[in-house]
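What follows is my_file01.cif (mmCIF, C-alpha atoms).
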```cif
data_input
loop_
_atom_site.group_PDB
_atom_site.id
_atom_site.type_symbol
_atom_site.label_atom_id
_atom_site.label_comp_id
_atom_site.auth_asym_id
_atom_site.auth_seq_id
_atom_site.Cartn_x
_atom_site.Cartn_y
_atom_site.Cartn_z
ATOM 1 C CA MET A 1 107.842 98.409 128.900
ATOM 2 C CA ASN A 2 109.359 95.105 127.688
ATOM 3 C CA PHE A 3 106.771 94.859 124.900
ATOM 4 C CA LEU A 4 107.483 98.455 123.868
ATOM 5 C CA TYR A 5 111.227 97.861 123.633
ATOM 6 C CA ALA A 6 110.664 94.524 121.884
ATOM 7 C CA ALA A 7 108.482 96.235 119.239
ATOM 8 C CA TYR A 8 111.006 99.026 118.615
ATOM 9 C CA ALA A 9 113.924 96.574 118.538
ATOM 10 C CA ALA A 10 112.049 94.250 116.148
ATOM 11 C CA THR A 11 111.336 97.169 113.809
ATOM 12 C CA TRP A 12 115.015 98.092 113.642
ATOM 13 C CA ILE A 13 116.147 94.479 113.283
ATOM 14 C CA ILE A 14 113.800 94.061 110.276
ATOM 15 C CA HIS A 15 115.011 97.290 108.607
ATOM 16 C CA ILE A 16 118.706 96.610 109.282
ATOM 17 C CA THR A 17 118.379 93.020 108.016
ATOM 18 C CA TYR A 18 116.855 94.289 104.759
ATOM 19 C CA LEU A 19 119.591 96.940 104.371
ATOM 20 C CA ALA A 20 122.224 94.233 105.020
ATOM 21 C CA THR A 21 120.752 92.064 102.237
ATOM 22 C CA LEU A 22 120.990 95.066 99.884
ATOM 23 C CA VAL A 23 124.681 95.547 100.804
ATOM 24 C CA ARG A 24 125.318 91.815 100.278
ATOM 25 C CA ARG A 25 123.656 91.945 96.847
ATOM 26 C CA TYR A 26 125.715 95.052 95.918
ATOM 27 C CA ASN A 27 128.958 93.260 96.873
ATOM 28 C CA ARG A 28 128.025 90.151 94.876
ATOM 29 C CA LEU A 29 127.181 92.323 91.862
ATOM 30 C CA ARG A 30 130.479 94.224 92.165
ATOM 31 C CA LYS A 31 132.327 90.903 92.112
ATOM 32 C CA GLU A 32 130.423 89.831 88.986
ATOM 33 C CA ILE A 33 131.319 93.133 87.261
ATOM 34 C CA GLU A 34 135.020 92.623 88.151
ATOM 35 C CA ASP A 35 134.888 89.089 86.727
ATOM 36 C CA LEU A 36 133.307 90.435 83.526
ATOM 37 C CA LYS A 37 136.060 93.073 83.196
ATOM 38 C CA LYS A 38 138.769 90.410 83.630
ATOM 39 C CA ASN A 39 137.227 88.337 80.837
ATOM 40 C CA MET B 1 121.475 112.740 91.680
ATOM 41 C CA LYS B 2 124.601 111.058 93.124
ATOM 42 C CA LYS B 3 125.011 113.903 95.638
ATOM 43 C CA ALA B 4 121.340 113.797 96.620
ATOM 44 C CA PHE B 5 121.604 110.229 97.971
ATOM 45 C CA PRO B 6 124.052 110.927 100.868
ATOM 46 C CA VAL B 7 122.134 114.130 101.694
ATOM 47 C CA LEU B 8 118.877 112.156 101.922
ATOM 48 C CA ALA B 9 120.642 109.436 103.957
ATOM 49 C CA ILE B 10 121.905 111.987 106.523
ATOM 50 C CA LEU B 11 118.503 113.725 106.646
ATOM 51 C CA THR B 12 116.780 110.368 107.191
ATOM 52 C CA ALA B 13 119.158 109.411 110.023
ATOM 53 C CA ILE B 14 118.534 112.763 111.774
ATOM 54 C CA LEU B 15 114.769 112.539 111.266
ATOM 55 C CA LEU B 16 114.606 108.917 112.500
ATOM 56 C CA SER B 17 116.612 109.802 115.636
ATOM 57 C CA TYR B 18 114.418 112.841 116.316
ATOM 58 C CA ALA B 19 111.215 110.817 115.716
ATOM 59 C CA LEU B 20 112.445 108.084 118.094
ATOM 60 C CA TYR B 21 113.183 110.678 120.796
ATOM 61 C CA GLU B 22 109.745 112.273 120.332
ATOM 62 C CA ALA B 23 107.983 108.880 120.499
ATOM 63 C CA LEU B 24 109.808 107.593 123.590
ATOM 64 C CA VAL B 25 110.402 110.789 125.595
ATOM 65 C CA VAL B 26 108.186 113.687 124.471
ATOM 66 C CA ALA B 27 104.913 111.886 123.682
ATOM 67 C CA PRO B 28 102.440 111.884 126.592
ATOM 68 C CA THR B 29 101.717 108.529 128.239
ATOM 69 C CA GLU B 30 98.298 107.174 127.323
ATOM 70 C CA GLN B 31 96.031 106.845 130.401
ATOM 71 C CA THR B 32 94.642 103.312 129.996
ATOM 72 C CA MET B 33 97.362 101.460 128.081
ATOM 73 C CA GLY B 34 100.421 103.190 129.518
ATOM 74 C CA ASP B 35 103.787 103.116 127.762
ATOM 75 C CA VAL B 36 102.925 100.175 125.501
ATOM 76 C CA GLN B 37 100.700 102.555 123.505
ATOM 77 C CA ARG B 38 103.932 104.117 122.144
ATOM 78 C CA ILE B 39 104.185 101.093 119.805
ATOM 79 C CA PHE B 40 101.507 102.979 117.844
ATOM 80 C CA TYR B 41 104.186 105.498 116.676
ATOM 81 C CA TYR B 42 105.952 102.704 114.761
ATOM 82 C CA HIS B 43 103.005 100.442 113.943
ATOM 83 C CA VAL B 44 100.694 102.994 112.267
ATOM 84 C CA PRO B 45 103.324 104.859 110.127
ATOM 85 C CA SER B 46 104.709 101.473 108.982
ATOM 86 C CA ALA B 47 101.204 100.447 107.864
ATOM 87 C CA TRP B 48 100.647 103.756 106.017
ATOM 88 C CA THR B 49 104.053 103.427 104.316
ATOM 89 C CA ALA B 50 103.325 99.832 103.257
ATOM 90 C CA PHE B 51 99.919 100.860 101.828
ATOM 91 C CA LEU B 52 101.518 103.724 99.890
ATOM 92 C CA LEU B 53 104.209 101.415 98.459
ATOM 93 C CA PHE B 54 101.600 98.829 97.428
ATOM 94 C CA LEU B 55 99.581 101.622 95.763
ATOM 95 C CA ILE B 56 102.686 102.649 93.765
ATOM 96 C CA ASN B 57 103.237 98.968 92.942
ATOM 97 C CA PHE B 58 99.658 98.788 91.615
ATOM 98 C CA ILE B 59 100.090 101.918 89.431
ATOM 99 C CA ALA B 60 103.479 100.737 88.097
ATOM 100 C CA SER B 61 102.016 97.283 87.325
ATOM 101 C CA VAL B 62 99.120 98.822 85.368
ATOM 102 C CA VAL B 63 101.581 101.051 83.458
ATOM 103 C CA TYR B 64 103.722 97.988 82.681
ATOM 104 C CA LEU B 65 100.729 95.980 81.453
ATOM 105 C CA ILE B 66 99.706 98.842 79.128
ATOM 106 C CA ARG B 67 103.085 100.094 77.867
ATOM 107 C CA ARG B 68 105.559 97.248 78.645
ATOM 108 C CA ASN B 69 107.879 99.880 80.097
ATOM 109 C CA PRO B 70 110.899 98.180 81.852
ATOM 110 C CA ALA B 71 111.269 101.116 84.288
ATOM 111 C CA ALA B 72 107.665 100.584 85.466
ATOM 112 C CA ASP B 73 108.465 96.886 85.958
ATOM 113 C CA ILE B 74 111.472 97.777 88.145
ATOM 114 C CA VAL B 75 109.415 100.298 90.167
ATOM 115 C CA ALA B 76 106.766 97.601 90.746
ATOM 116 C CA LEU B 77 109.371 95.088 91.922
ATOM 117 C CA VAL B 78 111.128 97.584 94.209
ATOM 118 C CA THR B 79 107.969 98.939 95.861
ATOM 119 C CA ALA B 80 106.644 95.405 96.462
ATOM 120 C CA GLU B 81 109.901 94.374 98.133
ATOM 121 C CA VAL B 82 110.154 97.449 100.391
ATOM 122 C CA GLY B 83 106.384 97.299 101.032
ATOM 123 C CA VAL B 84 106.784 93.739 102.340
ATOM 124 C CA VAL B 85 109.514 94.973 104.722
ATOM 125 C CA PHE B 86 107.151 97.603 106.197
ATOM 126 C CA CYS B 87 104.194 95.183 106.234
ATOM 127 C CA THR B 88 106.383 92.729 108.199
ATOM 128 C CA VAL B 89 106.996 95.482 110.769
ATOM 129 C CA VAL B 90 103.200 95.946 111.043
ATOM 130 C CA LEU B 91 102.622 92.207 111.565
ATOM 131 C CA VAL B 92 105.363 91.979 114.223
ATOM 132 C CA THR B 93 104.596 95.165 116.200
ATOM 133 C CA GLY B 94 100.811 94.513 116.181
ATOM 134 C CA PRO B 95 100.945 91.304 118.286
ATOM 135 C CA LEU B 96 103.552 92.916 120.589
ATOM 136 C CA TRP B 97 100.950 95.619 121.308
ATOM 137 C CA ALA B 98 97.996 93.184 121.445
ATOM 138 C CA ARG B 99 99.525 90.832 124.047
ATOM 139 C CA PRO B 100 99.581 93.320 126.970
ATOM 140 C CA VAL B 101 96.435 95.223 125.846
ATOM 141 C CA TRP B 102 94.087 92.432 124.638
ATOM 142 C CA GLY B 103 95.749 89.581 126.548
ATOM 143 C CA ILE B 104 96.328 87.610 123.297
ATOM 144 C CA TRP B 105 99.004 87.715 120.602
ATOM 145 C CA TRP B 106 96.663 87.203 117.663
ATOM 146 C CA THR B 107 92.978 86.890 116.789
ATOM 147 C CA TRP B 108 91.418 86.006 113.418
ATOM 148 C CA ASP B 109 89.826 89.443 113.225
ATOM 149 C CA ILE B 110 89.113 90.864 109.724
ATOM 150 C CA ARG B 111 91.735 93.636 110.012
ATOM 151 C CA LEU B 112 94.486 91.315 111.187
ATOM 152 C CA THR B 113 93.599 88.491 108.813
ATOM 153 C CA SER B 114 93.332 90.729 105.731
ATOM 154 C CA THR B 115 96.729 92.277 106.605
ATOM 155 C CA LEU B 116 98.268 88.795 106.848
ATOM 156 C CA VAL B 117 96.673 87.887 103.483
ATOM 157 C CA LEU B 118 98.071 91.119 101.975
ATOM 158 C CA TRP B 119 101.571 90.194 103.211
ATOM 159 C CA LEU B 120 101.217 86.647 101.793
ATOM 160 C CA ILE B 121 100.073 88.019 98.395
ATOM 161 C CA TYR B 122 103.177 90.208 98.089
ATOM 162 C CA ILE B 123 105.443 87.405 99.370
ATOM 163 C CA SER B 124 104.027 85.201 96.576
ATOM 164 C CA TYR B 125 104.593 88.109 94.133
ATOM 165 C CA LEU B 126 108.276 88.291 95.154
ATOM 166 C CA MET B 127 108.660 84.497 94.991
ATOM 167 C CA LEU B 128 107.161 84.491 91.490
ATOM 168 C CA ARG B 129 109.671 87.151 90.427
ATOM 169 C CA ARG B 130 112.547 85.333 92.093
ATOM 170 C CA PHE B 131 111.966 81.737 90.958
ATOM 171 C CA SER B 132 110.023 81.911 87.677
ATOM 172 C CA THR B 133 112.266 81.542 84.608
ATOM 173 C CA SER B 134 109.521 82.281 82.091
ATOM 174 C CA GLY B 135 109.943 85.293 79.792
ATOM 175 C CA GLN B 136 106.385 86.238 80.760
ATOM 176 C CA THR B 137 107.261 86.621 84.465
ATOM 177 C CA PRO B 138 106.948 90.459 84.550
ATOM 178 C CA VAL B 139 103.478 90.232 82.904
ATOM 179 C CA LEU B 140 102.305 87.496 85.291
ATOM 180 C CA ALA B 141 103.701 89.419 88.268
ATOM 181 C CA ALA B 142 101.994 92.642 87.140
ATOM 182 C CA ALA B 143 98.666 90.810 86.817
ATOM 183 C CA LEU B 144 99.118 89.308 90.296
ATOM 184 C CA ALA B 145 99.966 92.761 91.691
ATOM 185 C CA VAL B 146 96.790 94.283 90.196
ATOM 186 C CA PHE B 147 94.616 91.639 91.896
ATOM 187 C CA GLY B 148 96.711 91.754 95.071
ATOM 188 C CA ALA B 149 96.183 95.498 95.368
ATOM 189 C CA LEU B 150 92.444 94.857 95.777
ATOM 190 C CA ASP B 151 93.243 93.692 99.318
ATOM 191 C CA VAL B 152 94.688 97.110 100.299
ATOM 192 C CA PRO B 153 91.296 98.946 100.465
ATOM 193 C CA LEU B 154 89.812 95.869 102.174
ATOM 194 C CA VAL B 155 92.470 96.111 104.904
ATOM 195 C CA TYR B 156 92.060 99.859 105.266
ATOM 196 C CA PHE B 157 88.246 100.056 105.249
ATOM 197 C CA SER B 158 87.582 96.760 107.086
ATOM 198 C CA ILE B 159 87.300 98.557 110.417
ATOM 199 C CA TRP B 160 84.481 100.715 109.032
ATOM 200 C CA ILE B 161 82.658 97.901 107.256
ATOM 201 C CA PHE B 162 82.940 95.026 109.760
ATOM 202 C CA ARG B 163 82.744 94.681 113.525
ATOM 203 C CA THR B 164 86.351 94.365 114.599
ATOM 204 C CA GLN B 165 88.504 94.220 117.696
ATOM 205 C CA HIS B 166 91.108 96.502 116.089
ATOM 206 C CA PRO B 167 91.139 100.152 117.305
ATOM 207 C CA GLN B 168 89.397 102.716 115.092
ATOM 208 C CA PRO B 169 91.514 104.732 112.616
ATOM 209 C CA VAL B 170 93.518 107.673 113.913
ATOM 210 C CA ILE B 171 92.324 110.055 111.204
ATOM 211 C CA GLY B 172 88.715 110.072 109.989
ATOM 212 C CA GLY B 173 87.578 107.415 112.445
ATOM 213 C CA GLY B 174 85.238 109.602 114.468
ATOM 214 C CA GLY B 175 87.465 109.474 117.562
ATOM 215 C CA SER B 176 89.873 112.138 118.745
ATOM 216 C CA ILE B 177 93.625 112.107 119.249
ATOM 217 C CA ASP B 178 95.797 114.395 121.360
ATOM 218 C CA PRO B 179 97.355 117.014 118.977
ATOM 219 C CA VAL B 180 100.836 116.271 120.418
ATOM 220 C CA MET B 181 100.368 112.540 119.697
ATOM 221 C CA LEU B 182 99.176 113.307 116.158
ATOM 222 C CA HIS B 183 102.170 115.607 115.576
ATOM 223 C CA ILE B 184 104.616 112.897 116.749
ATOM 224 C CA LEU B 185 102.812 110.277 114.668
ATOM 225 C CA LEU B 186 103.237 112.429 111.540
ATOM 226 C CA ILE B 187 106.949 113.047 112.332
ATOM 227 C CA ASN B 188 107.467 109.276 112.565
ATOM 228 C CA TRP B 189 105.598 108.780 109.288
ATOM 229 C CA ALA B 190 107.811 111.385 107.580
ATOM 230 C CA ALA B 191 110.900 109.579 108.921
ATOM 231 C CA PHE B 192 109.653 106.189 107.664
ATOM 232 C CA LEU B 193 108.780 107.703 104.278
ATOM 233 C CA CYS B 194 112.371 108.998 103.984
ATOM 234 C CA LEU B 195 113.693 105.539 104.953
ATOM 235 C CA ALA B 196 111.402 103.850 102.410
ATOM 236 C CA THR B 197 112.566 106.311 99.713
ATOM 237 C CA LEU B 198 116.212 105.484 100.491
ATOM 238 C CA MET B 199 115.515 101.746 100.382
ATOM 239 C CA CYS B 200 113.605 102.039 97.083
ATOM 240 C CA TRP B 201 116.320 104.235 95.563
ATOM 241 C CA SER B 202 119.096 101.776 96.499
ATOM 242 C CA ARG B 203 117.087 98.767 95.319
ATOM 243 C CA TYR B 204 116.163 100.505 92.028
ATOM 244 C CA ARG B 205 119.828 101.253 91.254
ATOM 245 C CA LEU B 206 120.801 97.705 92.207
ATOM 246 C CA GLU B 207 118.169 96.236 89.885
ATOM 247 C CA ILE B 208 119.261 98.410 86.941
ATOM 248 C CA VAL B 209 122.933 97.391 87.336
ATOM 249 C CA GLN B 210 121.932 93.745 87.836
ATOM 250 C CA ARG B 211 119.941 93.735 84.574
ATOM 251 C CA GLU B 212 122.872 95.374 82.731
ATOM 252 C CA VAL B 213 125.259 92.708 84.082
ATOM 253 C CA GLU B 214 122.854 89.919 83.070
ATOM 254 C CA ASP B 215 122.582 91.400 79.539
ATOM 255 C CA THR B 216 126.390 91.645 79.259
ATOM 256 C CA GLN B 217 126.799 88.057 80.510
ATOM 257 C CA ALA B 218 124.235 86.862 77.945
ATOM 258 C CA GLN B 219 126.079 88.714 75.120
ATOM 259 C CA GLU B 220 129.454 87.332 76.295
ATOM 260 C CA SER B 221 128.114 83.780 76.273
ATOM 261 C CA LEU B 222 126.971 84.317 72.670
ATOM 262 C CA VAL B 223 130.306 85.659 71.352
ATOM 263 C CA ALA B 224 132.598 83.391 73.437
ATOM 264 C CA PRO B 225 134.304 80.481 71.622
ATOM 265 C CA GLY B 226 132.063 77.452 71.955
ATOM 266 C CA GLY B 227 129.074 79.706 72.515
ATOM 267 C CA SER B 228 125.739 79.029 70.902
ATOM 268 C CA ARG B 229 126.344 81.420 67.942
#
```

As C-alpha cells, please, write out the structure in this file.
Amino acid sequence: MNFLYAAYAATWIIHITYLATLVRRYNRLRKEIEDLKKN
Amino acid sequence: MKKAFPVLAILTAILLSYALYEALVVAPTEQTMGDVQRIFYYHVPSAWTAFLLFLINFIASVVYLIRRNPAADIVALVTAEVGVVFCTVVLVTGPLWARPVWGIWWTWDIRLTSTLVLWLIYISYLMLRRFSTSGQTPVLAAALAVFGALDVPLVYFSIWIFRTQHPQPVIGGGGSIDPVMLHILLINWAAFLCLATLMCWSRYRLEIVQREVEDTQAQESLVAPGGSR
C-alpha cells in the first residue's frame, strides 16, 4: 500500500510543481508588463 | 474562449476526483499483485498522454520547418514541456510499481531504457530552447524534435519486437483485461487528457504574452534615448 500511495502522491507533486512554475512565470510576466506601462 | 477555460478547469477537477475514487475504491483488486497494481491507473494513462503530446510536438515541428509558422513553434514548445511532465510521472511511478512486483527499482530493459532516452531527448530539446541565444533556435529545436519523435514508436512497439520484462500492452497485446479495469483506465486517461489540455492552454497563452513583452522591450530599447538607433 505504501508504494501505491507513494506513486499517487508523486504524480500529484509533479503536476502541482509544474502548475506552480506556470503561476510563478505568470506573476513575473505581469510584473514586467507593469514596468513597461510605467516607462 | 476566456469563459471556456474556467469551465474546463472545473470539469477537469471533477473528472480527476472521480477517476481517483474509481481507481482507489471501485477498481477490483488484482489477484497476484494486490493493491500495488492500482499504480497502473496513473502510470499507463500518463504514458499515453506523453506519447500523444510528443506526436503533436512532431507534427507542429514538421509544420514549422515547412511553413515557419510561429504558432506551430509555440505548439511544439508547449507540447514538449507538458509531455516531459507526463513522461516524468511515467518514470517515477514505474519503479514504484516494479520494486514490490519485480523486487528491483530499475532494470536496463528495452522498454524502460528507451523511455528514459525519450525523456532525455525532450529534456535536451527544452534546454536547447531555454539556453540557446541563436536566431536559428526554433529551426534547430524542430529538427531535434523530428529525430526525437523516432523514439516514440520504438518505446511503444519495443514490447512486441524485443523480449522484455515489461508487462504486455493493455490494448492489442493479446492478453485480456477485466472490463471494469479497462473502463476505469479510460476514465483516468480522459482526466489526464483534460489536465494536459489545461496545462497546454495556460502555457500557450503564457508564451504568446511573453513573446509580445519581449518584442515591446526590444522596441523600447531601440527608441529610448541612448538606444542603438

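Among B:Ala9, B:Ala76, B:Leu96, B:Leu150, the residue with the shortest atom-to-atom distance to chain A, counting only C-alpha atoms, is B:Leu96.
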
key: Residue list as a VMD selection string for point (108.6, 97.8, 120.1), cut-off 10 Å, all atoms listed in the file   = (chain A and resid 1 to 12) or (chain B and resid 36 to 43 89 92 to 94 96 to 97)

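Counting all atoms listed in the file, the residue from B:Arg67, B:Lys3, B:Arg130, B:Arg205 that sits nearest to A:Tyr26 is B:Arg205.
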
inquiry  = Restricting the calculation to only C-alpha atoms: of B:Gln168, B:Ser202, B:Gln219, B:Thr113, which residue gets closest to chain A?
reply    = B:Ser202

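As for atom CA of A:Leu19 and atom CA of B:Lys2, they are spaced 18.7 Å apart.
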
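The list of residues with at least one atom within 7 Å of stretch 44-57 of chain B, based on only C-alpha atoms and without residues fewer than 6 positions apart in the same chain, reads Val75, Ala76, Thr79, Ala80, Gly83, Phe86, Cys87, Val89, Val90, Ala149, Val152, Asn188, Trp189, Phe192 and Leu193 of chain B.
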
message = When you count all atoms listed in the file, which of these residues is closest to chain A: B:Leu118, B:Met33, B:Ile66, B:Leu182?
response = B:Met33

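Residues lying within 8 Å of B:Arg129, counting only C-alpha atoms and ignoring same-chain neighbours fewer than 5 positions away, are Thr137, Pro138 and Ala141 of chain B.
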
ask   = What is the atom CA of B:Leu120-atom CA of B:Tyr156 distance in Å, reported with one decimal?
value = 16.4 Å

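Note that the spacing between atom CA of B:Ile184 and atom CA of B:Leu16 amounts to 11.6 Å.
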
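Of the residues under consideration (B:Thr88, B:Ser114, B:Thr29, B:Ser221), B:Thr88 shows the shortest atom-to-atom contact distance to chain A when counting all atoms listed in the file.
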
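Nearest residue to A:Ile16 among B:Val85, B:Asp73, B:Gln217, B:Ala143 is B:Val85, counting all atoms listed in the file.
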
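Only residues having an atom at most 9 Å from (100.2, 91.9, 90.6) are included; using all atoms listed in the file, these are Asn57, Phe58, Ser61, Val62, Ala76, Ile121, Tyr122, Tyr125, Val139, Leu140, Ala141, Ala142, Ala143, Leu144, Ala145, Val146, Phe147, Gly148 and Ala149 of chain B.
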
ask   = What residues come out when you apply the PyMOL selection byres ((chain B and resi 158) around 12) to this file, written as a list in words?
value = Asp109, Ile110, Arg111, Leu112, Thr113, Ser114, Thr115, Asp151, Val152, Pro153, Leu154, Val155, Tyr156, Phe157, Ile159, Trp160, Ile161, Phe162, Arg163, Thr164, Gln165, His166, Pro167, Gln168, Pro169 and Gly173 of chain B
